[in-house]
Amino acid sequence: MRAARNLMEVRGVSLRFGGIQALDSVDLDVAEGSITAIIGPNGAGKSSLYNVISGMYRPAAGTVTFDGRDITRVPAHKRAGLGIARSFQNIALFRGLTVVDNIKLGAHSRLNTGLMSALLFRGRAAAEEEQLRREIEREVIEFLEIDHIRDMPVSALSYGLQKRVELARALALRPKIIMLDEPVAGMNREETEDIARFILDMKEELGITVLLIEHDLSMVMDISDHVAVLNFGKLVANGTPHEMQNHPKVIEAYIGKTDAEPTPEETDA
Amino acid sequence: MTFLDFYEYSLIGLLLGGLYALIGLGFVLVYKATRVLNFAMGEFMMMGAYFYFSATVLMGLPWWAGVGIALGASAVLALGVERLVLRPLVGQPTISIVMATIGLASILHGTAVMVWGADQWRIEPIVPRAPFFLGDAMLPGQLVWGFGLASMIILGFVLFFRYARGGVAMRATATDPHTAMSLGIDAPRNTAITWVLAALISTIAGIMVGAMTNVSPELGLVGLAVIVVVILGGLDSIPGTIIAGLIIGWIESMSVAVFGSGVREIVPFAVILIIMMVRPFGLFGTPEIERL
Amino acid sequence: MRLGDFVTDYRAGEAVLRTPVQRVWFAAFLAFLVALPFVGGQYITFLGCLVGIHIIATAGLNITTGFTGLISIGHAVLLGVGAYTVAWMANNGVPFWLAIPSGALLAGAVGIVIGIPSLRIKGLYLAVATLAAQFVLSYIFREWESVTGGVRGLSVPPAQIGGFAFDSDFRVYFLIMPIAVVAVWASRNLFRTRVGRAFVAIRDRDLSAEVIGIDIVRYKLMSFALGALYAGLAGGLWAYFFRSITPESFPLQLGIFYLAAIIVGGLGSTLGSILGAIFMTLVPEVLRAMVNLAAIVSPAAVVYVSPLREIVFGALIVGFLIFEPHGLAEIWRRIRRFFALWPFRS
């Protein structure tokens with residue numbers, strides 16, 4: 001693998017909820033153009049780490065650097081504009097809107113229409129909407145193969161398709177990094193393979209860096225360039241998928257202290 | 001203002017605040033159980049007062065029968081409302097349910113005018129009217145008795161929630177309905193019970209207010225003022241509501257002393273507009289940490 | 001029967017009226033609006049004016065409550081701000097074309113102030129802030145006599161443009177209706193752009209909206225101010241239409257009337273604002289007619305008009321929320337779908 005600069009660097013991030021230490025001095029490097037996976041049992045702090053990176057939680061200590069800039073104190077809503085897109089573990093689509101409108105919302109922070117222009121739908125508003133529609137059709141809807149559902153309300157879609165629309169919404173931002181939170185949870189083999197292919201295409205065709213939380217270890221090992229293991233809020237190991245496969249710390253995290261061999265499908269979701 | 005005035009108005013305000021806290025308790029119960037701010041609470045008070053009025057004045061029954069009938073009728077009303085309006089809306093966004101309570105308030109108000117007319121009626125107070133003296137301050141008897149009764153009811157509820165099995169079950173339902181149900185707690189039944197309890201509290205408060213002023217369709221407006229108290233107390237906190245009730249009661253009484261009784265009706269609302277800019281979570285509410 | 005819609009380019013995909021059939025219907029509807037006061041009598045014209053004002057106010061509340069999910073109970077008092085501003089200005093020689101926007105802008109500004117406390121927290125607080133504003137502003141309308149005329153209120157001279165006085169319902173209609181059409185058109189536009197989408201995003205999921213890059217604080221305030229601005233606009237026209245306003249003109253019940261209008265019409269639907277406003281304007285008229293009929297038998301029935309209205313408004317709110325939460329707009333869509341395929345499927 002070629003050496004690349006780090007697009008994102010997490011340094012010494014700690015987070016407490018009352019008496020619980022959700023994150024304990026976590027470090028994480030995400031190389032530009034890589035697929036980096038974060039694994040670990042439920043409650044290990046993976047989602048908390050995502051929430052710190054996307055600005056929903058403010059860490060008690062530590063910094064998050066993105067694209068050479070310290071973003072620890074940047075408000076959550078300004079981080080999308082820097083090129084950070086994210087999907088959610090429990091799908092967080094806007095149920096009252098169609099697929100297209102959901103995807104368009106992903107592009108919110110790179111558009112400029114103001115209130116006056118929006119009310120009159122003249123000038124910038126009209127031009128921008130038309131342009132956006134064109135981009136979305138070409139770059140997102142075709143890419144993710146969801147043309148057949150574009151005008152449907154998201155609430156009418158199956159779980160798998162909703163997950164895909166969420167991916168589409170994240171892509172609409174044209175992000176530098178995309179943070180996926182269990183993108184294949186609850187999917188069958190075939191759907192999982194589809195998503196895995198999309199993730200690889202994002203990296204290779206669109207040049208987007210991918211950060212991934214996933215319990216499906218076989219998929220993680222297949223597509224990741226780098227794997228970080230969290231347990232009890234601490235980073236316990238990290239390295240290539242191959243190095244992690246039989247790493248004692250990983251085995252310990254997933255099935256406790258024992259010498260039993262972990263099966264790759266081991267999930268505790 | 002002399003010191004005696006200040007002292008007397010302060011005490012009256014605090015007594016009034018106790019009554020506000022009682023009405024506020026009804027809001028807090030429903031909010032804790034269902035996350036709904038019940039805008040029809042004042043109308044429940046008004047209906048309770050009218051039930052009492054019908055039993056004692058129109059039918060000539062003694063006061064204790066009147067109270068019993070009013071409580072019973074209010075409980076039936078609350079059960080009906082829970083069944084016909086709230087249960088069908090389970091699972092709808094909170095905003096829908098809140099708007100439904102606004103609609104409900106409108107229905108109850110209109111019904112009261114239809115049935116009892118728009119006039120004001122007098123009811124005989126249950127408690128003695130004779131004033132109390134605390135030092136040189138003269139305090140209206142009904143207010144003092146009302147304060148005492150309100151304090152006892154509130155205390156009873158606090159103890160119930162803390163120690164009784166049913167109270168713990170209700171708290172569990174409020175915190176996490178799904179888990180509560182899986183533990184064998186009947187959540188829908190608890191919600192119904194909560195509404196009934198709130199209606200009973202409102203009825204007692206309604207009779208007290210009706211005896212102090214008059215019974216009219218506008219009696220429920222007090223309920224809107226008490227929404228302010230509940231918000232100030234943080235919506236989900238009983239101690240917060242008590243303290244907020246006392247504060248609002250005191251400010252209201254003082255404002256009346258200084259500016260005259262014309263300002264009475266808007267004092268709570270003016271106070272909340274100012275306070276919400278400074279303390280958006282209320283005085284005691286917890287800022288929610290949300291899981292994504 | 002109408003065949004499927006074929007969209008040929010992205011501009012057409014973004015258009016509001018997609019087919020020639022839709023454009024013809026829309027033109028016919030505009031022609032109907034122009035013709036209404038000529039063919040309808042005095043009473044129809046009066047109702048037309050009232051509907052126009054209610055449509056503007058309802059569209060405003062729908063932006064705030066229906067699309068953004070922020071409950072406002074005190075919408076009526078914002079109409080009051082617009083109406084009093086216009087009334088005061090008109091009495092001090094300010095021309096119509098300046099008074100109307102001033103009323104709208106001042107209402108919008110008041111909206112921002114009321115909206116401020118609600119921004120950091122969830123919707124219920126805003127509901128209470130608007131309730132509080134309703135009482136406090138009504139009090140100001142009543143007590144600030146030098147400006148508002150106290151309990152007697154203010155009378156308003158007719159609107160004038162270049163010496164032409166809009167001094168009858170017939171004439172005012174042609175002032176109100178075009179403004180209503182533009183207001184509805186603007187609110188429809190809004191939801192074709194990022195601004196409107198951001199409102200809906202806040203309503204549906206406010207935290208993930210933030211992750212997408214929506215500044216929730218800013219957009220909530222914008223939505224509330226915009227709703228208030230529409231209310232102020234409606235209030236200004238109200239002043240020129242009724243030509244007299246009092247503190248009693250904008251009670252809490254009027255705010256509930258508008259809540260009922262958006263729920264009955266359809267929360268988060270521009271068409272819903274129109275249908276809801278029309279429906280809710282007609283409801284009291286029908287009730288009054290019914291009670292007048294009953295009064296022939298028993299004259300005492302007249303006193304029931306006002307409580308009956310309250311009961312019906314409340315029942316409409318509750319009933320629609322339970323049985324048809326998407327309101328008349330959804331019923332309308334269903335009817336259209338039926339006729340689009342008729343007679344091949346029913």
# chains A, B, ... in the order shown; residues from 1 in each chain; ligands from 1

$ select_by_dssp --residues "region 34-175 of chain A" --states "helix (DSSP H, G or I)" --output "MDAnalysis selection string"
chainID A and resid 46:53 76:82 99:106 108:110 115:120 124:141 147:149 154:156 159:172

$ write_last_selection --atoms "C-alpha atoms" --output "PDB file, in the first residue's frame"
ATOM      1  CA  LYS A  46     -17.295   3.384  18.535  1.00  0.00           C
ATOM      2  CA  SER A  47     -20.408   5.506  18.104  1.00  0.00           C
ATOM      3  CA  SER A  48     -19.196   7.919  20.783  1.00  0.00           C
ATOM      4  CA  LEU A  49     -16.019   8.406  18.790  1.00  0.00           C
ATOM      5  CA  TYR A  50     -18.116   9.145  15.685  1.00  0.00           C
ATOM      6  CA  ASN A  51     -20.136  11.651  17.645  1.00  0.00           C
ATOM      7  CA  VAL A  52     -16.978  13.395  18.761  1.00  0.00           C
ATOM      8  CA  ILE A  53     -15.659  13.499  15.206  1.00  0.00           C
ATOM      9  CA  ALA A  76     -21.271  20.276  14.251  1.00  0.00           C
ATOM     10  CA  HIS A  77     -23.150  21.949  11.443  1.00  0.00           C
ATOM     11  CA  LYS A  78     -19.982  23.480  10.021  1.00  0.00           C
ATOM     12  CA  ARG A  79     -18.162  20.168   9.712  1.00  0.00           C
ATOM     13  CA  ALA A  80     -20.183  18.971   6.745  1.00  0.00           C
ATOM     14  CA  GLY A  81     -18.943  22.008   4.870  1.00  0.00           C
ATOM     15  CA  LEU A  82     -15.356  20.844   5.457  1.00  0.00           C
ATOM     16  CA  VAL A  99     -35.573   9.993  -2.000  1.00  0.00           C
ATOM     17  CA  VAL A 100     -34.406  12.821  -4.252  1.00  0.00           C
ATOM     18  CA  ASP A 101     -35.061  15.465  -1.625  1.00  0.00           C
ATOM     19  CA  ASN A 102     -33.228  13.427   0.987  1.00  0.00           C
ATOM     20  CA  ILE A 103     -30.243  13.177  -1.292  1.00  0.00           C
ATOM     21  CA  LYS A 104     -30.401  16.872  -2.103  1.00  0.00           C
ATOM     22  CA  LEU A 105     -30.312  17.613   1.611  1.00  0.00           C
ATOM     23  CA  GLY A 106     -26.925  15.941   1.747  1.00  0.00           C
ATOM     24  CA  HIS A 108     -27.043  21.429   1.758  1.00  0.00           C
ATOM     25  CA  SER A 109     -23.763  22.850   2.941  1.00  0.00           C
ATOM     26  CA  ARG A 110     -22.242  23.246  -0.504  1.00  0.00           C
ATOM     27  CA  LEU A 115     -34.049  33.095   1.694  1.00  0.00           C
ATOM     28  CA  MET A 116     -35.045  35.867  -0.730  1.00  0.00           C
ATOM     29  CA  SER A 117     -33.845  34.016  -3.772  1.00  0.00           C
ATOM     30  CA  ALA A 118     -35.577  30.867  -2.530  1.00  0.00           C
ATOM     31  CA  LEU A 119     -38.941  32.627  -2.150  1.00  0.00           C
ATOM     32  CA  LEU A 120     -38.783  34.066  -5.654  1.00  0.00           C
ATOM     33  CA  ARG A 124     -29.366  31.600  -8.105  1.00  0.00           C
ATOM     34  CA  ALA A 125     -32.086  29.394  -6.629  1.00  0.00           C
ATOM     35  CA  ALA A 126     -33.389  28.102  -9.956  1.00  0.00           C
ATOM     36  CA  ALA A 127     -29.953  27.686 -11.508  1.00  0.00           C
ATOM     37  CA  GLU A 128     -28.534  25.982  -8.451  1.00  0.00           C
ATOM     38  CA  GLU A 129     -31.425  23.552  -8.117  1.00  0.00           C
ATOM     39  CA  GLU A 130     -31.204  22.546 -11.739  1.00  0.00           C
ATOM     40  CA  GLN A 131     -27.447  22.078 -11.514  1.00  0.00           C
ATOM     41  CA  LEU A 132     -27.794  20.078  -8.308  1.00  0.00           C
ATOM     42  CA  ARG A 133     -30.396  17.822  -9.831  1.00  0.00           C
ATOM     43  CA  ARG A 134     -28.107  17.111 -12.749  1.00  0.00           C
ATOM     44  CA  GLU A 135     -25.140  16.302 -10.497  1.00  0.00           C
ATOM     45  CA  ILE A 136     -27.150  14.082  -8.228  1.00  0.00           C
ATOM     46  CA  GLU A 137     -28.619  12.107 -11.087  1.00  0.00           C
ATOM     47  CA  ARG A 138     -25.208  11.464 -12.563  1.00  0.00           C
ATOM     48  CA  GLU A 139     -22.966  11.120  -9.545  1.00  0.00           C
ATOM     49  CA  VAL A 140     -25.204   9.582  -6.950  1.00  0.00           C
ATOM     50  CA  ILE A 141     -28.414   8.055  -8.220  1.00  0.00           C
ATOM     51  CA  ASP A 147     -33.029   5.415 -10.177  1.00  0.00           C
ATOM     52  CA  HIS A 148     -36.197   3.359  -9.824  1.00  0.00           C
ATOM     53  CA  ILE A 149     -37.061   4.760  -6.407  1.00  0.00           C
ATOM     54  CA  VAL A 154     -38.338   7.183   1.973  1.00  0.00           C
ATOM     55  CA  SER A 155     -40.813   5.856   4.520  1.00  0.00           C
ATOM     56  CA  ALA A 156     -42.118   3.469   1.831  1.00  0.00           C
ATOM     57  CA  TYR A 159     -34.594  -1.327   5.137  1.00  0.00           C
ATOM     58  CA  GLY A 160     -31.849  -2.155   2.667  1.00  0.00           C
ATOM     59  CA  LEU A 161     -32.869   0.593   0.264  1.00  0.00           C
ATOM     60  CA  GLN A 162     -33.123   3.118   3.089  1.00  0.00           C
ATOM     61  CA  LYS A 163     -29.557   2.315   4.028  1.00  0.00           C
ATOM     62  CA  ARG A 164     -28.570   2.889   0.438  1.00  0.00           C
ATOM     63  CA  VAL A 165     -30.379   6.233   0.314  1.00  0.00           C
ATOM     64  CA  GLU A 166     -28.482   7.254   3.408  1.00  0.00           C
ATOM     65  CA  LEU A 167     -25.284   6.442   1.602  1.00  0.00           C
ATOM     66  CA  ALA A 168     -26.522   8.493  -1.338  1.00  0.00           C
ATOM     67  CA  ARG A 169     -27.244  11.438   0.913  1.00  0.00           C
ATOM     68  CA  ALA A 170     -23.726  11.297   2.283  1.00  0.00           C
ATOM     69  CA  LEU A 171     -22.265  11.137  -1.226  1.00  0.00           C
ATOM     70  CA  ALA A 172     -24.263  14.163  -2.365  1.00  0.00           C
TER      71      ALA A 172
END

$ residues_around --residues "Asp70 (chain A)" --least-positions-apart "6" --cutoff "12 Å" --atoms "only C-alpha atoms" --output "ChimeraX atom specification"
/A:7-11,53,62-64,79,82

$ closest_atom_pairs --of "chain B" --to "chain C" --cutoff "9 Å" --atoms "only C-alpha atoms" --output "JSON lines"
{"residue": "B:Val36", "atom": "CA", "partner": "C:Leu124", "partner_atom": "CA", "distance": 8.7}
{"residue": "B:Leu37", "atom": "CA", "partner": "C:Leu124", "partner_atom": "CA", "distance": 7.3}
{"residue": "B:Val85", "atom": "CA", "partner": "C:Val318", "partner_atom": "CA", "distance": 7.0}
{"residue": "B:Pro88", "atom": "CA", "partner": "C:Ile322", "partner_atom": "CA", "distance": 6.3}
{"residue": "B:Leu89", "atom": "CA", "partner": "C:Ile322", "partner_atom": "CA", "distance": 6.2}
{"residue": "B:Ile95", "atom": "CA", "partner": "C:Ile71", "partner_atom": "CA", "distance": 7.1}
{"residue": "B:Ser96", "atom": "CA", "partner": "C:Leu321", "partner_atom": "CA", "distance": 6.8}
{"residue": "B:Ile97", "atom": "CA", "partner": "C:Leu321", "partner_atom": "CA", "distance": 8.3}
{"residue": "B:Val98", "atom": "CA", "partner": "C:Leu124", "partner_atom": "CA", "distance": 8.5}
{"residue": "B:Met99", "atom": "CA", "partner": "C:Ile317", "partner_atom": "CA", "distance": 7.5}
{"residue": "B:Ala100", "atom": "CA", "partner": "C:Val318", "partner_atom": "CA", "distance": 5.1}
{"residue": "B:Thr101", "atom": "CA", "partner": "C:Val318", "partner_atom": "CA", "distance": 8.0}
{"residue": "B:Ile102", "atom": "CA", "partner": "C:Gly314", "partner_atom": "CA", "distance": 7.4}
{"residue": "B:Gly103", "atom": "CA", "partner": "C:Gly314", "partner_atom": "CA", "distance": 3.9}
{"residue": "B:Leu104", "atom": "CA", "partner": "C:Gly314", "partner_atom": "CA", "distance": 5.8}
{"residue": "B:Ala105", "atom": "CA", "partner": "C:Gly314", "partner_atom": "CA", "distance": 7.3}
{"residue": "B:Ser106", "atom": "CA", "partner": "C:Gly314", "partner_atom": "CA", "distance": 5.0}
{"residue": "B:Ile107", "atom": "CA", "partner": "C:Ile311", "partner_atom": "CA", "distance": 4.1}
{"residue": "B:Leu108", "atom": "CA", "partner": "C:Ile311", "partner_atom": "CA", "distance": 7.3}
{"residue": "B:His109", "atom": "CA", "partner": "C:Glu310", "partner_atom": "CA", "distance": 7.4}
{"residue": "B:Gly110", "atom": "CA", "partner": "C:Pro307", "partner_atom": "CA", "distance": 4.1}
{"residue": "B:Thr111", "atom": "CA", "partner": "C:Ile311", "partner_atom": "CA", "distance": 6.7}
{"residue": "B:Ala112", "atom": "CA", "partner": "C:Pro307", "partner_atom": "CA", "distance": 8.2}
{"residue": "B:Val113", "atom": "CA", "partner": "C:Pro307", "partner_atom": "CA", "distance": 5.9}
{"residue": "B:Met114", "atom": "CA", "partner": "C:Pro307", "partner_atom": "CA", "distance": 6.1}
{"residue": "B:Gly117", "atom": "CA", "partner": "C:Val303", "partner_atom": "CA", "distance": 9.0}
{"residue": "B:Leu224", "atom": "CA", "partner": "C:Leu131", "partner_atom": "CA", "distance": 8.3}
{"residue": "B:Ala225", "atom": "CA", "partner": "C:Ala132", "partner_atom": "CA", "distance": 8.6}
{"residue": "B:Ile227", "atom": "CA", "partner": "C:Val128", "partner_atom": "CA", "distance": 7.4}
{"residue": "B:Val228", "atom": "CA", "partner": "C:Val128", "partner_atom": "CA", "distance": 7.2}
{"residue": "B:Ile231", "atom": "CA", "partner": "C:Tyr125", "partner_atom": "CA", "distance": 7.3}
{"residue": "B:Val263", "atom": "CA", "partner": "C:Tyr139", "partner_atom": "CA", "distance": 8.5}
{"residue": "B:Glu265", "atom": "CA", "partner": "C:Phe135", "partner_atom": "CA", "distance": 8.1}
{"residue": "B:Ile266", "atom": "CA", "partner": "C:Val136", "partner_atom": "CA", "distance": 5.9}
{"residue": "B:Val267", "atom": "CA", "partner": "C:Val136", "partner_atom": "CA", "distance": 8.4}
{"residue": "B:Pro268", "atom": "CA", "partner": "C:Ala132", "partner_atom": "CA", "distance": 8.1}
{"residue": "B:Phe269", "atom": "CA", "partner": "C:Ala132", "partner_atom": "CA", "distance": 4.5}
{"residue": "B:Ala270", "atom": "CA", "partner": "C:Val136", "partner_atom": "CA", "distance": 6.3}
{"residue": "B:Val271", "atom": "CA", "partner": "C:Ala132", "partner_atom": "CA", "distance": 9.0}
{"residue": "B:Ile272", "atom": "CA", "partner": "C:Ala132", "partner_atom": "CA", "distance": 7.3}
{"residue": "B:Leu273", "atom": "CA", "partner": "C:Ala129", "partner_atom": "CA", "distance": 6.2}
{"residue": "B:Ile274", "atom": "CA", "partner": "C:Pro117", "partner_atom": "CA", "distance": 8.7}
{"residue": "B:Ile275", "atom": "CA", "partner": "C:Pro117", "partner_atom": "CA", "distance": 8.5}
{"residue": "B:Met276", "atom": "CA", "partner": "C:Pro117", "partner_atom": "CA", "distance": 5.1}
{"residue": "B:Met277", "atom": "CA", "partner": "C:Pro117", "partner_atom": "CA", "distance": 4.6}
{"residue": "B:Val278", "atom": "CA", "partner": "C:Pro117", "partner_atom": "CA", "distance": 7.8}
{"residue": "B:Arg279", "atom": "CA", "partner": "C:Pro117", "partner_atom": "CA", "distance": 8.4}
{"residue": "B:Pro280", "atom": "CA", "partner": "C:Pro117", "partner_atom": "CA", "distance": 6.1}
{"residue": "B:Phe281", "atom": "CA", "partner": "C:Ile121", "partner_atom": "CA", "distance": 7.2}
{"residue": "B:Pro287", "atom": "CA", "partner": "C:Ile121", "partner_atom": "CA", "distance": 8.6}
{"residue": "B:Glu290", "atom": "CA", "partner": "C:Leu207", "partner_atom": "CA", "distance": 8.9}
{"residue": "B:Leu292", "atom": "CA", "partner": "C:Leu207", "partner_atom": "CA", "distance": 7.7}

$ write_last_selection --atoms "N, CA and C atoms" --output "compact mmCIF listing (two decimals), in the first residue's frame"
# COMPACT_ATOMS: atom_id res chain seq x y z
N VAL B 36 -45.99 14.70 26.93
CA VAL B 36 -46.94 15.62 26.32
C VAL B 36 -47.24 16.74 27.30
N LEU B 37 -47.21 17.97 26.79
CA LEU B 37 -47.64 19.10 27.59
C LEU B 37 -49.13 19.24 27.34
N VAL B 85 -59.06 10.03 22.46
CA VAL B 85 -58.18 10.99 21.81
C VAL B 85 -56.72 10.55 21.87
N PRO B 88 -55.59 6.62 20.33
CA PRO B 88 -55.43 6.52 18.87
C PRO B 88 -54.20 7.26 18.35
N LEU B 89 -53.67 8.18 19.15
CA LEU B 89 -52.54 8.98 18.68
C LEU B 89 -51.19 8.42 19.16
N ILE B 95 -45.68 16.51 18.73
CA ILE B 95 -46.31 17.76 18.30
C ILE B 95 -47.78 17.53 17.96
N SER B 96 -48.10 16.36 17.35
CA SER B 96 -49.50 16.08 17.02
C SER B 96 -50.32 15.94 18.29
N ILE B 97 -49.76 15.25 19.28
CA ILE B 97 -50.52 15.01 20.50
C ILE B 97 -50.73 16.33 21.25
N VAL B 98 -49.70 17.16 21.27
CA VAL B 98 -49.84 18.46 21.92
C VAL B 98 -50.93 19.27 21.23
N MET B 99 -50.94 19.25 19.91
CA MET B 99 -51.97 19.99 19.20
C MET B 99 -53.35 19.40 19.48
N ALA B 100 -53.40 18.08 19.64
CA ALA B 100 -54.68 17.46 19.98
C ALA B 100 -55.19 17.97 21.33
N THR B 101 -54.28 18.18 22.29
CA THR B 101 -54.76 18.70 23.59
C THR B 101 -55.26 20.14 23.45
N ILE B 102 -54.69 20.89 22.51
CA ILE B 102 -55.21 22.24 22.26
C ILE B 102 -56.63 22.14 21.71
N GLY B 103 -56.83 21.21 20.77
CA GLY B 103 -58.17 20.99 20.23
C GLY B 103 -59.14 20.56 21.33
N LEU B 104 -58.65 19.69 22.20
CA LEU B 104 -59.46 19.20 23.31
C LEU B 104 -59.89 20.34 24.22
N ALA B 105 -58.96 21.25 24.49
CA ALA B 105 -59.28 22.40 25.33
C ALA B 105 -60.42 23.20 24.70
N SER B 106 -60.34 23.37 23.39
CA SER B 106 -61.37 24.12 22.69
C SER B 106 -62.73 23.41 22.80
N ILE B 107 -62.72 22.09 22.67
CA ILE B 107 -63.96 21.32 22.78
C ILE B 107 -64.57 21.48 24.18
N LEU B 108 -63.73 21.31 25.20
CA LEU B 108 -64.24 21.36 26.58
C LEU B 108 -64.78 22.76 26.90
N HIS B 109 -64.06 23.78 26.46
CA HIS B 109 -64.51 25.15 26.73
C HIS B 109 -65.87 25.40 26.08
N GLY B 110 -65.98 25.03 24.81
CA GLY B 110 -67.24 25.21 24.10
C GLY B 110 -68.37 24.44 24.76
N THR B 111 -68.05 23.22 25.18
CA THR B 111 -69.07 22.39 25.83
C THR B 111 -69.56 23.05 27.12
N ALA B 112 -68.64 23.59 27.90
CA ALA B 112 -69.02 24.23 29.16
C ALA B 112 -69.96 25.41 28.90
N VAL B 113 -69.64 26.20 27.88
CA VAL B 113 -70.51 27.35 27.57
C VAL B 113 -71.90 26.85 27.14
N MET B 114 -71.91 25.79 26.34
CA MET B 114 -73.18 25.23 25.90
C MET B 114 -74.03 24.76 27.07
N GLY B 117 -73.66 27.83 30.21
CA GLY B 117 -73.75 29.24 29.87
C GLY B 117 -72.46 29.98 30.13
N LEU B 224 -53.42 27.94 31.92
CA LEU B 224 -52.43 28.45 30.99
C LEU B 224 -51.31 29.17 31.73
N ALA B 225 -51.70 29.91 32.78
CA ALA B 225 -50.66 30.59 33.57
C ALA B 225 -49.76 29.59 34.24
N ILE B 227 -48.92 26.71 33.11
CA ILE B 227 -47.97 26.17 32.13
C ILE B 227 -46.64 26.89 32.28
N VAL B 228 -46.74 28.18 32.52
CA VAL B 228 -45.53 28.98 32.72
C VAL B 228 -44.74 28.44 33.91
N ILE B 231 -43.03 25.16 32.96
CA ILE B 231 -41.88 25.39 32.08
C ILE B 231 -40.72 25.93 32.90
N VAL B 263 -52.45 44.07 35.97
CA VAL B 263 -51.35 43.31 35.37
C VAL B 263 -51.39 41.84 35.74
N GLU B 265 -53.05 39.19 35.13
CA GLU B 265 -53.18 38.12 34.14
C GLU B 265 -51.93 37.94 33.27
N ILE B 266 -51.12 38.99 33.11
CA ILE B 266 -50.00 38.81 32.20
C ILE B 266 -48.67 38.60 32.90
N VAL B 267 -48.64 38.76 34.23
CA VAL B 267 -47.36 38.66 34.92
C VAL B 267 -46.62 37.36 34.63
N PRO B 268 -47.28 36.20 34.80
CA PRO B 268 -46.52 34.96 34.55
C PRO B 268 -45.96 34.92 33.14
N PHE B 269 -46.74 35.41 32.19
CA PHE B 269 -46.31 35.31 30.79
C PHE B 269 -45.14 36.25 30.51
N ALA B 270 -45.21 37.44 31.08
CA ALA B 270 -44.09 38.37 30.91
C ALA B 270 -42.83 37.79 31.54
N VAL B 271 -43.01 37.19 32.73
CA VAL B 271 -41.86 36.62 33.43
C VAL B 271 -41.21 35.52 32.58
N ILE B 272 -42.05 34.64 32.02
CA ILE B 272 -41.48 33.51 31.28
C ILE B 272 -40.76 33.98 30.02
N LEU B 273 -41.32 34.99 29.36
CA LEU B 273 -40.65 35.47 28.15
C LEU B 273 -39.24 35.94 28.49
N ILE B 274 -39.13 36.64 29.61
CA ILE B 274 -37.81 37.15 30.00
C ILE B 274 -36.90 36.00 30.42
N ILE B 275 -37.44 35.10 31.26
CA ILE B 275 -36.59 34.04 31.79
C ILE B 275 -36.12 33.08 30.71
N MET B 276 -36.98 32.81 29.75
CA MET B 276 -36.60 31.83 28.73
C MET B 276 -35.40 32.30 27.92
N MET B 277 -35.21 33.61 27.87
CA MET B 277 -34.05 34.09 27.14
C MET B 277 -32.77 33.85 27.93
N VAL B 278 -32.91 33.78 29.24
CA VAL B 278 -31.72 33.63 30.07
C VAL B 278 -31.44 32.16 30.39
N ARG B 279 -32.51 31.43 30.79
CA ARG B 279 -32.33 30.03 31.19
C ARG B 279 -33.22 29.13 30.35
N PRO B 280 -32.78 28.78 29.18
CA PRO B 280 -33.68 28.05 28.27
C PRO B 280 -34.12 26.68 28.77
N PHE B 281 -33.41 26.07 29.69
CA PHE B 281 -33.83 24.75 30.16
C PHE B 281 -34.75 24.84 31.36
N PRO B 287 -30.76 19.19 30.75
CA PRO B 287 -30.54 19.20 29.31
C PRO B 287 -30.37 17.75 28.85
N GLU B 290 -28.77 13.18 24.03
CA GLU B 290 -29.49 12.28 23.14
C GLU B 290 -28.57 11.29 22.49
N LEU B 292 -27.76 9.06 19.31
CA LEU B 292 -28.07 9.15 17.90
C LEU B 292 -28.46 7.78 17.34

$ atom_distance --atom1 "CA of Glu145 (chain A)" --atom2 "CA of Ser158 (chain A)"
14.8 Å

$ interface_residues --of "chain A" --to "chain B" --cutoff "12 Å" --atoms "only C-alpha atoms" --output "list in words"
Phe17, Gly18, Ser47, Ser48, Tyr50, Asn51, Val52, Ser54, Met56, Tyr57, Arg58, Arg86, Ser87, Phe88, Gln89, Asn90, Ile91, Ala92 and Asp181 of chain A

$ interface_residues --of "chain C" --to "chain A" --cutoff "12 Å" --atoms "only C-alpha atoms" --output "ChimeraX atom specification"
/C:9-16,66-69,182-219,222-223,225-226,267-269,326

$ select_by_dssp --residues "region 104-228 of chain C" --states "strand (DSSP E)" --output "list in words"
Leu154, Ser155, Ala159, Gln160, Ile161, Phe164, Ala165 and Phe166 of chain C

$ closest_residue --among "B:Val76, B:Met45, B:Leu22, B:Leu58" --to "Val196 (chain B)" --atoms "only C-alpha atoms"
B:Val76

$ residues_around --residues "Ile154 (chain B)" --least-positions-apart "6" --cutoff "9 Å" --atoms "only C-alpha atoms" --output "list of chain:residue names"
B:Ala21, B:Leu22, B:Leu25, B:Ile238, B:Ile242

$ atom_distance --atom1 "CA of Phe250 (chain C)" --atom2 "CA of Phe164 (chain C)"
28.9 Å
